[in-house]
Amino acid sequence: MKVLNFLRPENGMTEDPLYYMNFEKYENTVRDCYFFMADFYNDLLSGNYDDKEKIVLTLEEPNSCVSFGPSAQIHEKADKILTLCPYTAELFDNREFVFFPFSEDWIPDEKEKTIDVSYFGSLPNAVPWQSYIQNVFTNYNFRFGHYSMGNVPRCSYADKIDILSHTKVAVVHGLWNVIPHHIQALRDFPKADQNKALTHLDVGLAPQIKSRMFEAAFSKCVILCQRDPWNPIENFFTPDKDFIYFDDEKDLDRKLEYIINNYDLFDQLRENAYNKAISNYTTKHFVEKFLL
């Protein structure tokens with residue numbers, strides 16, 4: 001396997017998890033193929049890699065399922081597409097639903113939990129996440145990190161994992177911000193009318209699996225997840241056994257206060273999520289399940 005990780009450092013975002021999956025260490029153990037990652041679309045379509053099997057890891061579906069640009073053509077050019085969207089995967093023969101891999105080299109040592117609550121990532125517009133940060137998180141010792149906002153903006157990937165390893169509760173979600181002027185292009189994508197991920201476009205909601213739920217599990221946080229119409233986290237973790245749902249700001253506030261003040265009661269839940277992660281969701285497991 002030849003790993004083609006088309007990250008663009010000149011575009012910034014060097015803290016992106018795609019820099020740290022470490023697939024390269026398995027290049028000599030996997031079948032002969034090209035493995036495309038990150039901003040690969042134009043390279044995949046270039047014709048420069050047509051001499052062997054082309055496998056694509058796309059972490060952007062369903063938001064990249066639009067009818068314009070190179071992303072609209074990958075289902076025609078790639079031999080196999082590994083996608084984080086279960087609903088898109090079930091509609092195309094050459095797609096397979098996968099998990100977000102976390103390199104075993106980055107699993108943190110167990111740390112003292114000195115930070116109450118953390119959240120990393122953008123804020124969904126269709127639910128009041130800005131209010132969650134301002135009205136709930138600020139009552140605690142919290143960390144909020146993003147490329148351009150929060151009290152730990154642009155922290156390195158190593159710093160993010162270190163923060164999570166010291167965090168009691170990681171608040172997460174499985175949503176993405178629907179861009180209004182992309183809605184028609186999403187509806188024009190092949191089989192869009194059958195895609196369960198695209199049923200709530202009019203209200204700005206769609207599911208997307210990101211690294212945050214896995215990073216939280218590997219860091220032994222209590223995972224507190226926003227409930228939504230799809231709940232994609234349940235493809236990997238079990239509610240009330242590995243993580244806990246919250247429904248709205250009032251529920252978040254109530255549950256966060258209880259968990260932080262009774263943290264020992266959630267030791268087994270944290271262990272369950274951690275054990276499930278280290279037994280199933282590392283880069284090594286990804287290679288063995290999808291690339292051998």
# chains A, B, ... in the order shown; residues from 1 in each chain; ligands from 1
>>> select_by_dssp(residues="stretch 171-289 of chain A", states="helix (DSSP H, G or I)", output="number ranges by chain")
A: 180-187, 192-194, 196-198, 201-203, 212-218, 232-235, 249-261, 263-280, 283-289
>>> residues_around(residues="A:Glu24", least_positions_apart="3", cutoff="10 Å", atoms="only C-alpha atoms", output="VMD selection string")
chain A and resid 1 to 5 21 27 to 28 35
>>> write_last_selection(atoms="all heavy atoms", output="CSV table (one decimal), in the first residue's frame")
chain,number,residue,atom,x,y,z
A,1,MET,N,0.8,-1.2,0.0
A,1,MET,CA,0.0,0.0,0.0
A,1,MET,C,0.9,1.2,0.0
A,1,MET,O,1.9,1.3,0.7
A,1,MET,CB,-0.9,0.0,1.3
A,1,MET,CG,-1.7,1.3,1.4
A,1,MET,SD,-2.8,1.3,2.9
A,1,MET,CE,-1.6,1.5,4.2
A,2,LYS,N,0.5,2.2,-0.8
A,2,LYS,CA,1.2,3.5,-0.8
A,2,LYS,C,0.2,4.5,-0.2
A,2,LYS,O,-0.9,4.8,-0.8
A,2,LYS,CB,1.6,3.9,-2.2
A,2,LYS,CG,2.2,5.3,-2.3
A,2,LYS,CD,3.4,5.5,-1.4
A,2,LYS,CE,4.0,6.9,-1.5
A,2,LYS,NZ,5.2,7.0,-0.6
A,3,VAL,N,0.5,5.1,0.9
A,3,VAL,CA,-0.3,6.1,1.5
A,3,VAL,C,-0.1,7.4,0.8
A,3,VAL,O,1.0,7.9,0.7
A,3,VAL,CB,0.0,6.3,3.0
A,3,VAL,CG1,-0.9,7.4,3.6
A,3,VAL,CG2,-0.3,5.0,3.7
A,4,LEU,N,-1.2,8.0,0.3
A,4,LEU,CA,-1.2,9.3,-0.3
A,4,LEU,C,-2.0,10.3,0.5
A,4,LEU,O,-3.2,10.4,0.3
A,4,LEU,CB,-1.7,9.2,-1.8
A,4,LEU,CG,-1.0,8.2,-2.7
A,4,LEU,CD1,-1.8,8.1,-4.0
A,4,LEU,CD2,0.4,8.7,-3.0
A,5,ASN,N,-1.3,10.9,1.5
A,5,ASN,CA,-2.0,11.8,2.4
A,5,ASN,C,-1.8,13.2,1.9
A,5,ASN,O,-0.8,13.9,2.2
A,5,ASN,CB,-1.4,11.6,3.8
A,5,ASN,CG,-2.3,12.2,4.9
A,5,ASN,OD1,-3.1,13.0,4.6
A,5,ASN,ND2,-2.0,11.8,6.1
A,21,MET,N,-2.7,9.9,12.1
A,21,MET,CA,-3.3,8.6,12.0
A,21,MET,C,-2.2,7.5,11.9
A,21,MET,O,-2.4,6.4,12.2
A,21,MET,CB,-4.3,8.5,10.9
A,21,MET,CG,-5.5,9.3,11.2
A,21,MET,SD,-6.8,9.2,9.9
A,21,MET,CE,-8.1,10.1,10.6
A,27,GLU,N,2.4,0.5,5.6
A,27,GLU,CA,2.5,0.4,4.2
A,27,GLU,C,3.0,-0.9,3.6
A,27,GLU,O,2.5,-1.4,2.6
A,27,GLU,CB,3.4,1.5,3.6
A,27,GLU,CG,2.7,2.9,3.6
A,27,GLU,CD,3.5,3.9,2.9
A,27,GLU,OE1,4.8,4.0,3.1
A,27,GLU,OE2,3.0,4.7,2.1
A,28,ASN,N,3.9,-1.6,4.4
A,28,ASN,CA,4.5,-2.8,3.9
A,28,ASN,C,3.7,-4.0,4.3
A,28,ASN,O,4.1,-5.2,3.9
A,28,ASN,CB,5.9,-2.9,4.4
A,28,ASN,CG,6.8,-1.8,3.8
A,28,ASN,OD1,6.6,-1.4,2.7
A,28,ASN,ND2,7.8,-1.4,4.6
A,35,PHE,N,-3.7,4.5,-1.2
A,35,PHE,CA,-4.6,4.8,-0.2
A,35,PHE,C,-4.7,6.3,-0.1
A,35,PHE,O,-3.7,7.0,0.4
A,35,PHE,CB,-4.2,4.2,1.1
A,35,PHE,CG,-5.1,4.4,2.3
A,35,PHE,CD1,-6.4,4.0,2.3
A,35,PHE,CD2,-4.7,5.1,3.5
A,35,PHE,CE1,-7.3,4.2,3.3
A,35,PHE,CE2,-5.5,5.3,4.5
A,35,PHE,CZ,-6.8,4.8,4.5
>>> residues_around(residues="A:Asn272", least_positions_apart="6", cutoff="12 Å", atoms="only C-alpha atoms", output="ChimeraX atom specification")
/A:217-223,236-243,266,278-279
>>> write_last_selection(atoms="N, CA, C and O atoms", output="PDB file, in the first residue's frame")
ATOM      1  N   ALA A 217     -13.020   8.921  24.171  1.00  0.00           N
ATOM      2  CA  ALA A 217     -12.990   7.554  24.707  1.00  0.00           C
ATOM      3  C   ALA A 217     -11.566   7.121  25.018  1.00  0.00           C
ATOM      4  O   ALA A 217     -11.297   6.544  26.082  1.00  0.00           O
ATOM      5  N   PHE A 218     -10.635   7.374  24.095  1.00  0.00           N
ATOM      6  CA  PHE A 218      -9.235   6.994  24.325  1.00  0.00           C
ATOM      7  C   PHE A 218      -8.626   7.767  25.495  1.00  0.00           C
ATOM      8  O   PHE A 218      -7.645   7.318  26.088  1.00  0.00           O
ATOM      9  N   SER A 219      -9.200   8.915  25.824  1.00  0.00           N
ATOM     10  CA  SER A 219      -8.681   9.750  26.917  1.00  0.00           C
ATOM     11  C   SER A 219      -9.392   9.505  28.240  1.00  0.00           C
ATOM     12  O   SER A 219      -9.151  10.216  29.215  1.00  0.00           O
ATOM     13  N   LYS A 220     -10.270   8.512  28.279  1.00  0.00           N
ATOM     14  CA  LYS A 220     -10.995   8.127  29.490  1.00  0.00           C
ATOM     15  C   LYS A 220     -11.835   9.265  30.067  1.00  0.00           C
ATOM     16  O   LYS A 220     -11.899   9.459  31.283  1.00  0.00           O
ATOM     17  N   CYS A 221     -12.469  10.034  29.189  1.00  0.00           N
ATOM     18  CA  CYS A 221     -13.439  11.034  29.633  1.00  0.00           C
ATOM     19  C   CYS A 221     -14.814  10.390  29.762  1.00  0.00           C
ATOM     20  O   CYS A 221     -15.109   9.402  29.098  1.00  0.00           O
ATOM     21  N   VAL A 222     -15.676  10.979  30.574  1.00  0.00           N
ATOM     22  CA  VAL A 222     -17.097  10.701  30.449  1.00  0.00           C
ATOM     23  C   VAL A 222     -17.568  11.410  29.188  1.00  0.00           C
ATOM     24  O   VAL A 222     -17.358  12.616  29.027  1.00  0.00           O
ATOM     25  N   ILE A 223     -18.188  10.671  28.271  1.00  0.00           N
ATOM     26  CA  ILE A 223     -18.664  11.241  27.022  1.00  0.00           C
ATOM     27  C   ILE A 223     -20.126  11.642  27.193  1.00  0.00           C
ATOM     28  O   ILE A 223     -20.975  10.802  27.456  1.00  0.00           O
ATOM     29  N   PHE A 236     -20.892   2.981  17.351  1.00  0.00           N
ATOM     30  CA  PHE A 236     -19.611   2.633  17.949  1.00  0.00           C
ATOM     31  C   PHE A 236     -19.677   2.437  19.458  1.00  0.00           C
ATOM     32  O   PHE A 236     -18.913   1.645  20.010  1.00  0.00           O
ATOM     33  N   PHE A 237     -20.558   3.157  20.127  1.00  0.00           N
ATOM     34  CA  PHE A 237     -20.650   3.105  21.582  1.00  0.00           C
ATOM     35  C   PHE A 237     -22.115   2.958  21.997  1.00  0.00           C
ATOM     36  O   PHE A 237     -23.026   3.364  21.270  1.00  0.00           O
ATOM     37  N   THR A 238     -22.328   2.389  23.182  1.00  0.00           N
ATOM     38  CA  THR A 238     -23.669   2.076  23.663  1.00  0.00           C
ATOM     39  C   THR A 238     -24.115   3.099  24.709  1.00  0.00           C
ATOM     40  O   THR A 238     -23.396   3.333  25.691  1.00  0.00           O
ATOM     41  N   PRO A 239     -25.290   3.720  24.519  1.00  0.00           N
ATOM     42  CA  PRO A 239     -25.755   4.710  25.505  1.00  0.00           C
ATOM     43  C   PRO A 239     -25.960   4.092  26.878  1.00  0.00           C
ATOM     44  O   PRO A 239     -26.389   2.943  27.010  1.00  0.00           O
ATOM     45  N   ASP A 240     -25.608   4.878  27.892  1.00  0.00           N
ATOM     46  CA  ASP A 240     -25.734   4.516  29.308  1.00  0.00           C
ATOM     47  C   ASP A 240     -24.787   3.402  29.732  1.00  0.00           C
ATOM     48  O   ASP A 240     -24.730   3.056  30.914  1.00  0.00           O
ATOM     49  N   LYS A 241     -24.050   2.859  28.803  1.00  0.00           N
ATOM     50  CA  LYS A 241     -23.001   1.907  29.128  1.00  0.00           C
ATOM     51  C   LYS A 241     -21.629   2.503  28.831  1.00  0.00           C
ATOM     52  O   LYS A 241     -20.698   2.371  29.628  1.00  0.00           O
ATOM     53  N   ASP A 242     -21.507   3.176  27.678  1.00  0.00           N
ATOM     54  CA  ASP A 242     -20.239   3.779  27.268  1.00  0.00           C
ATOM     55  C   ASP A 242     -20.289   5.300  27.272  1.00  0.00           C
ATOM     56  O   ASP A 242     -19.246   5.957  27.321  1.00  0.00           O
ATOM     57  N   PHE A 243     -21.475   5.872  27.179  1.00  0.00           N
ATOM     58  CA  PHE A 243     -21.632   7.330  27.140  1.00  0.00           C
ATOM     59  C   PHE A 243     -23.034   7.697  27.600  1.00  0.00           C
ATOM     60  O   PHE A 243     -23.892   6.822  27.798  1.00  0.00           O
ATOM     61  N   PHE A 266     -18.971   7.249  37.750  1.00  0.00           N
ATOM     62  CA  PHE A 266     -18.903   7.044  36.308  1.00  0.00           C
ATOM     63  C   PHE A 266     -17.599   6.388  35.862  1.00  0.00           C
ATOM     64  O   PHE A 266     -17.288   6.359  34.673  1.00  0.00           O
ATOM     65  N   ILE A 278      -9.908   0.933  22.612  1.00  0.00           N
ATOM     66  CA  ILE A 278      -8.596   0.324  22.393  1.00  0.00           C
ATOM     67  C   ILE A 278      -8.708  -1.075  21.785  1.00  0.00           C
ATOM     68  O   ILE A 278      -7.749  -1.577  21.198  1.00  0.00           O
ATOM     69  N   SER A 279      -9.884  -1.683  21.891  1.00  0.00           N
ATOM     70  CA  SER A 279     -10.092  -3.023  21.340  1.00  0.00           C
ATOM     71  C   SER A 279     -10.643  -3.012  19.923  1.00  0.00           C
ATOM     72  O   SER A 279     -10.694  -4.065  19.274  1.00  0.00           O
TER      73      SER A 279
END
>>> closest_residue(among="A:Ala126, A:Ile259, A:Ala216, A:Ala197", to="A:Glu90", atoms="only C-alpha atoms")
A:Ala197
>>> closest_atom_pairs(of="stretch 150-196 of chain A", to="stretch 118-125 of chain A", cutoff="8 Å", atoms="only C-alpha atoms", output="Markdown table")
| residue | atom | partner | partner_atom | distance |
| --- | --- | --- | --- | --- |
| A:Ile163 | CA | A:Ser118 | CA | 8.0 |
| A:Leu164 | CA | A:Ser118 | CA | 7.0 |
| A:Thr167 | CA | A:Ser118 | CA | 6.5 |
| A:Val169 | CA | A:Ser118 | CA | 6.5 |
| A:Ala170 | CA | A:Ser118 | CA | 5.1 |
| A:Val171 | CA | A:Tyr119 | CA | 5.5 |
| A:Val172 | CA | A:Tyr119 | CA | 6.7 |
| A:Leu175 | CA | A:Pro124 | CA | 6.7 |
| A:Trp176 | CA | A:Pro124 | CA | 6.0 |
| A:Asn177 | CA | A:Pro124 | CA | 5.4 |
>>> write_last_selection(atoms="all heavy atoms", output="PDB file, in the first residue's frame")
ATOM      1  N   ILE A 163      -4.995  17.776  26.978  1.00  0.00           N
ATOM      2  CA  ILE A 163      -6.133  18.408  27.651  1.00  0.00           C
ATOM      3  C   ILE A 163      -7.240  17.389  27.894  1.00  0.00           C
ATOM      4  O   ILE A 163      -7.799  17.299  28.994  1.00  0.00           O
ATOM      5  CB  ILE A 163      -6.658  19.593  26.817  1.00  0.00           C
ATOM      6  CG1 ILE A 163      -5.671  20.755  26.878  1.00  0.00           C
ATOM      7  CG2 ILE A 163      -8.034  20.044  27.314  1.00  0.00           C
ATOM      8  CD1 ILE A 163      -5.974  21.875  25.901  1.00  0.00           C
ATOM      9  N   LEU A 164      -7.556  16.590  26.880  1.00  0.00           N
ATOM     10  CA  LEU A 164      -8.606  15.588  27.042  1.00  0.00           C
ATOM     11  C   LEU A 164      -8.232  14.544  28.095  1.00  0.00           C
ATOM     12  O   LEU A 164      -9.091  14.073  28.841  1.00  0.00           O
ATOM     13  CB  LEU A 164      -8.891  14.901  25.704  1.00  0.00           C
ATOM     14  CG  LEU A 164      -9.654  15.748  24.691  1.00  0.00           C
ATOM     15  CD1 LEU A 164      -9.677  15.066  23.329  1.00  0.00           C
ATOM     16  CD2 LEU A 164     -11.084  16.028  25.166  1.00  0.00           C
ATOM     17  N   THR A 167      -9.285  15.786  31.301  1.00  0.00           N
ATOM     18  CA  THR A 167     -10.671  16.252  31.324  1.00  0.00           C
ATOM     19  C   THR A 167     -11.616  15.204  31.912  1.00  0.00           C
ATOM     20  O   THR A 167     -11.551  14.028  31.549  1.00  0.00           O
ATOM     21  CB  THR A 167     -11.127  16.617  29.894  1.00  0.00           C
ATOM     22  OG1 THR A 167     -10.410  17.773  29.454  1.00  0.00           O
ATOM     23  CG2 THR A 167     -12.620  16.907  29.847  1.00  0.00           C
ATOM     24  N   VAL A 169     -15.196  15.456  31.695  1.00  0.00           N
ATOM     25  CA  VAL A 169     -16.338  15.266  30.798  1.00  0.00           C
ATOM     26  C   VAL A 169     -16.027  15.900  29.442  1.00  0.00           C
ATOM     27  O   VAL A 169     -15.715  17.093  29.366  1.00  0.00           O
ATOM     28  CB  VAL A 169     -17.630  15.894  31.367  1.00  0.00           C
ATOM     29  CG1 VAL A 169     -18.804  15.621  30.428  1.00  0.00           C
ATOM     30  CG2 VAL A 169     -17.912  15.364  32.763  1.00  0.00           C
ATOM     31  N   ALA A 170     -16.112  15.099  28.387  1.00  0.00           N
ATOM     32  CA  ALA A 170     -15.997  15.611  27.028  1.00  0.00           C
ATOM     33  C   ALA A 170     -17.396  15.703  26.438  1.00  0.00           C
ATOM     34  O   ALA A 170     -18.090  14.696  26.314  1.00  0.00           O
ATOM     35  CB  ALA A 170     -15.115  14.698  26.182  1.00  0.00           C
ATOM     36  N   VAL A 171     -17.820  16.910  26.098  1.00  0.00           N
ATOM     37  CA  VAL A 171     -19.129  17.117  25.489  1.00  0.00           C
ATOM     38  C   VAL A 171     -18.952  17.030  23.971  1.00  0.00           C
ATOM     39  O   VAL A 171     -18.080  17.695  23.396  1.00  0.00           O
ATOM     40  CB  VAL A 171     -19.732  18.471  25.911  1.00  0.00           C
ATOM     41  CG1 VAL A 171     -21.111  18.657  25.286  1.00  0.00           C
ATOM     42  CG2 VAL A 171     -19.836  18.539  27.434  1.00  0.00           C
ATOM     43  N   VAL A 172     -19.757  16.205  23.311  1.00  0.00           N
ATOM     44  CA  VAL A 172     -19.579  15.927  21.886  1.00  0.00           C
ATOM     45  C   VAL A 172     -20.924  15.953  21.171  1.00  0.00           C
ATOM     46  O   VAL A 172     -21.987  16.010  21.795  1.00  0.00           O
ATOM     47  CB  VAL A 172     -18.898  14.558  21.660  1.00  0.00           C
ATOM     48  CG1 VAL A 172     -17.602  14.446  22.452  1.00  0.00           C
ATOM     49  CG2 VAL A 172     -19.833  13.404  22.028  1.00  0.00           C
ATOM     50  N   LEU A 175     -22.999  16.183  14.529  1.00  0.00           N
ATOM     51  CA  LEU A 175     -23.687  17.039  13.575  1.00  0.00           C
ATOM     52  C   LEU A 175     -22.702  17.877  12.768  1.00  0.00           C
ATOM     53  O   LEU A 175     -21.557  18.083  13.188  1.00  0.00           O
ATOM     54  CB  LEU A 175     -24.643  17.991  14.311  1.00  0.00           C
ATOM     55  CG  LEU A 175     -25.768  17.337  15.104  1.00  0.00           C
ATOM     56  CD1 LEU A 175     -26.452  18.367  16.000  1.00  0.00           C
ATOM     57  CD2 LEU A 175     -26.787  16.699  14.160  1.00  0.00           C
ATOM     58  N   TRP A 176     -23.162  18.391  11.614  1.00  0.00           N
ATOM     59  CA  TRP A 176     -22.369  19.369  10.868  1.00  0.00           C
ATOM     60  C   TRP A 176     -23.272  20.505  10.417  1.00  0.00           C
ATOM     61  O   TRP A 176     -24.493  20.365  10.358  1.00  0.00           O
ATOM     62  CB  TRP A 176     -21.641  18.741   9.685  1.00  0.00           C
ATOM     63  CG  TRP A 176     -22.481  18.144   8.594  1.00  0.00           C
ATOM     64  CD1 TRP A 176     -23.033  16.905   8.580  1.00  0.00           C
ATOM     65  CD2 TRP A 176     -22.845  18.735   7.343  1.00  0.00           C
ATOM     66  NE1 TRP A 176     -23.714  16.688   7.421  1.00  0.00           N
ATOM     67  CE2 TRP A 176     -23.617  17.791   6.624  1.00  0.00           C
ATOM     68  CE3 TRP A 176     -22.598  19.974   6.746  1.00  0.00           C
ATOM     69  CZ2 TRP A 176     -24.141  18.046   5.361  1.00  0.00           C
ATOM     70  CZ3 TRP A 176     -23.121  20.225   5.472  1.00  0.00           C
ATOM     71  CH2 TRP A 176     -23.878  19.266   4.796  1.00  0.00           C
ATOM     72  N   ASN A 177     -22.650  21.621  10.117  1.00  0.00           N
ATOM     73  CA  ASN A 177     -23.394  22.802   9.694  1.00  0.00           C
ATOM     74  C   ASN A 177     -23.720  22.723   8.216  1.00  0.00           C
ATOM     75  O   ASN A 177     -22.824  22.742   7.366  1.00  0.00           O
ATOM     76  CB  ASN A 177     -22.578  24.070   9.972  1.00  0.00           C
ATOM     77  CG  ASN A 177     -22.535  24.421  11.444  1.00  0.00           C
ATOM     78  OD1 ASN A 177     -23.531  24.275  12.142  1.00  0.00           O
ATOM     79  ND2 ASN A 177     -21.387  24.877  11.917  1.00  0.00           N
TER      80      ASN A 177
END
>>> closest_atom_pairs(of="stretch 55-171 of chain A", to="stretch 202-210 of chain A", cutoff="8 Å", atoms="only C-alpha atoms", output="tab-separated table")
residue	atom	partner	partner_atom	distance
A:Leu59	CA	A:Lys210	CA	7.7
A:Glu60	CA	A:Gln208	CA	7.6
A:Glu61	CA	A:Gln208	CA	7.0
A:Pro62	CA	A:Gln208	CA	6.9
A:Asn63	CA	A:Gln208	CA	7.8
A:Leu84	CA	A:Ile209	CA	6.2
A:Cys85	CA	A:Gln208	CA	6.9
A:Phe100	CA	A:Lys210	CA	6.9
A:Asn125	CA	A:Gly204	CA	7.6
A:Ala126	CA	A:Gly204	CA	5.7
>>> closest_residue(among="A:Thr88, A:Asn275, A:Ser46, A:Ser131", to="A:Leu252", atoms="only C-alpha atoms")
A:Ser131
>>> atom_distance(atom1="atom CA of A:Tyr20", atom2="atom CA of A:Ile161")
11.4 Å
>>> closest_residue(among="A:Leu292, A:Phe92, A:Tyr245, A:Ile179", to="A:Asp32", atoms="only C-alpha atoms")
A:Leu292
>>> residues_around(residues="stretch 67-81 of chain A", least_positions_apart="4", cutoff="9 Å", atoms="only C-alpha atoms", output="number ranges by chain")
A: 41-42, 44-45, 53-58, 89, 92-97, 184-190
>>> write_last_selection(atoms="C-alpha atoms", output="PDB file, in the first residue's frame")
ATOM      1  CA  TYR A  41     -10.000  14.886  -4.985  1.00  0.00           C
ATOM      2  CA  ASN A  42      -8.066  16.469  -7.856  1.00  0.00           C
ATOM      3  CA  LEU A  44      -7.623  11.032  -7.606  1.00  0.00           C
ATOM      4  CA  LEU A  45      -9.141  12.383 -10.809  1.00  0.00           C
ATOM      5  CA  GLU A  53      -6.378  -0.221  -6.978  1.00  0.00           C
ATOM      6  CA  LYS A  54      -7.442   3.149  -5.539  1.00  0.00           C
ATOM      7  CA  ILE A  55      -8.896   3.192  -2.015  1.00  0.00           C
ATOM      8  CA  VAL A  56     -10.221   6.468  -0.634  1.00  0.00           C
ATOM      9  CA  LEU A  57     -10.743   7.408   3.012  1.00  0.00           C
ATOM     10  CA  THR A  58     -13.261  10.245   3.091  1.00  0.00           C
ATOM     11  CA  ALA A  89     -22.414   3.752   2.392  1.00  0.00           C
ATOM     12  CA  PHE A  92     -23.335   2.575  -3.159  1.00  0.00           C
ATOM     13  CA  ASP A  93     -21.686  -0.789  -3.782  1.00  0.00           C
ATOM     14  CA  ASN A  94     -18.151   0.617  -3.693  1.00  0.00           C
ATOM     15  CA  ARG A  95     -18.567   2.354  -0.307  1.00  0.00           C
ATOM     16  CA  GLU A  96     -17.936   0.817   3.106  1.00  0.00           C
ATOM     17  CA  PHE A  97     -18.836   2.361   6.457  1.00  0.00           C
ATOM     18  CA  GLN A 184     -29.795  22.028  -3.785  1.00  0.00           C
ATOM     19  CA  ALA A 185     -26.428  20.517  -4.735  1.00  0.00           C
ATOM     20  CA  LEU A 186     -26.844  17.969  -1.943  1.00  0.00           C
ATOM     21  CA  ARG A 187     -30.288  17.092  -3.259  1.00  0.00           C
ATOM     22  CA  ASP A 188     -28.870  16.692  -6.773  1.00  0.00           C
ATOM     23  CA  PHE A 189     -26.221  14.162  -5.665  1.00  0.00           C
ATOM     24  CA  PRO A 190     -26.879  10.593  -6.856  1.00  0.00           C
TER      25      PRO A 190
END
>>> select_by_dssp(residues="stretch 30-251 of chain A", states="strand (DSSP E)", output="number ranges by chain")
A: 34-38, 54-58, 80-83, 95-97, 115-120, 142-145, 167-172, 222-226, 244-246
>>> closest_residue(among="A:Cys33, A:Ile233, A:Val152, A:Leu82", to="A:Gly174", atoms="only C-alpha atoms")
A:Ile233
>>> decode(residues="stretch 22-36 of chain A", atoms="N, CA and C atoms", output="mmCIF file, in the first residue's frame")
data_model
loop_
_atom_site.group_PDB
_atom_site.id
_atom_site.type_symbol
_atom_site.label_atom_id
_atom_site.label_comp_id
_atom_site.auth_asym_id
_atom_site.auth_seq_id
_atom_site.Cartn_x
_atom_site.Cartn_y
_atom_site.Cartn_z
ATOM 1 N N ASN A 22 -1.061 7.892 11.291
ATOM 2 C CA ASN A 22 0.097 6.998 11.191
ATOM 3 C C ASN A 22 -0.163 5.737 10.368
ATOM 4 N N PHE A 23 -0.906 5.891 9.271
ATOM 5 C CA PHE A 23 -1.093 4.752 8.369
ATOM 6 C C PHE A 23 0.211 4.329 7.696
ATOM 7 N N GLU A 24 1.156 5.252 7.598
ATOM 8 C CA GLU A 24 2.407 4.953 6.894
ATOM 9 C C GLU A 24 3.155 3.770 7.501
ATOM 10 N N LYS A 25 3.017 3.539 8.786
ATOM 11 C CA LYS A 25 3.746 2.446 9.427
ATOM 12 C C LYS A 25 3.253 1.078 8.956
ATOM 13 N N TYR A 26 2.097 1.037 8.265
ATOM 14 C CA TYR A 26 1.535 -0.229 7.793
ATOM 15 C C TYR A 26 1.658 -0.402 6.279
ATOM 16 N N GLU A 27 2.394 0.479 5.622
ATOM 17 C CA GLU A 27 2.465 0.429 4.158
ATOM 18 C C GLU A 27 2.959 -0.924 3.645
ATOM 19 N N ASN A 28 3.861 -1.551 4.357
ATOM 20 C CA ASN A 28 4.459 -2.804 3.879
ATOM 21 C C ASN A 28 3.673 -4.040 4.283
ATOM 22 N N THR A 29 2.560 -3.853 5.006
ATOM 23 C CA THR A 29 1.789 -5.009 5.468
ATOM 24 C C THR A 29 0.436 -5.126 4.779
ATOM 25 N N VAL A 30 0.106 -4.165 3.939
ATOM 26 C CA VAL A 30 -1.205 -4.107 3.284
ATOM 27 C C VAL A 30 -1.046 -4.423 1.805
ATOM 28 N N ARG A 31 -2.139 -4.868 1.171
ATOM 29 C CA ARG A 31 -2.095 -5.232 -0.234
ATOM 30 C C ARG A 31 -1.643 -4.054 -1.104
ATOM 31 N N ASP A 32 -1.246 -4.337 -2.312
ATOM 32 C CA ASP A 32 -0.713 -3.335 -3.227
ATOM 33 C C ASP A 32 -1.848 -2.444 -3.740
ATOM 34 N N CYS A 33 -1.872 -1.198 -3.266
ATOM 35 C CA CYS A 33 -2.921 -0.260 -3.657
ATOM 36 C C CYS A 33 -2.465 1.148 -3.319
ATOM 37 N N TYR A 34 -3.211 2.128 -3.791
ATOM 38 C CA TYR A 34 -3.048 3.508 -3.362
ATOM 39 C C TYR A 34 -4.121 3.800 -2.312
ATOM 40 N N PHE A 35 -3.716 4.460 -1.240
ATOM 41 C CA PHE A 35 -4.639 4.811 -0.167
ATOM 42 C C PHE A 35 -4.676 6.325 -0.066
ATOM 43 N N PHE A 36 -5.791 6.925 -0.509
ATOM 44 C CA PHE A 36 -5.937 8.372 -0.591
ATOM 45 C C PHE A 36 -6.565 8.927 0.676
#
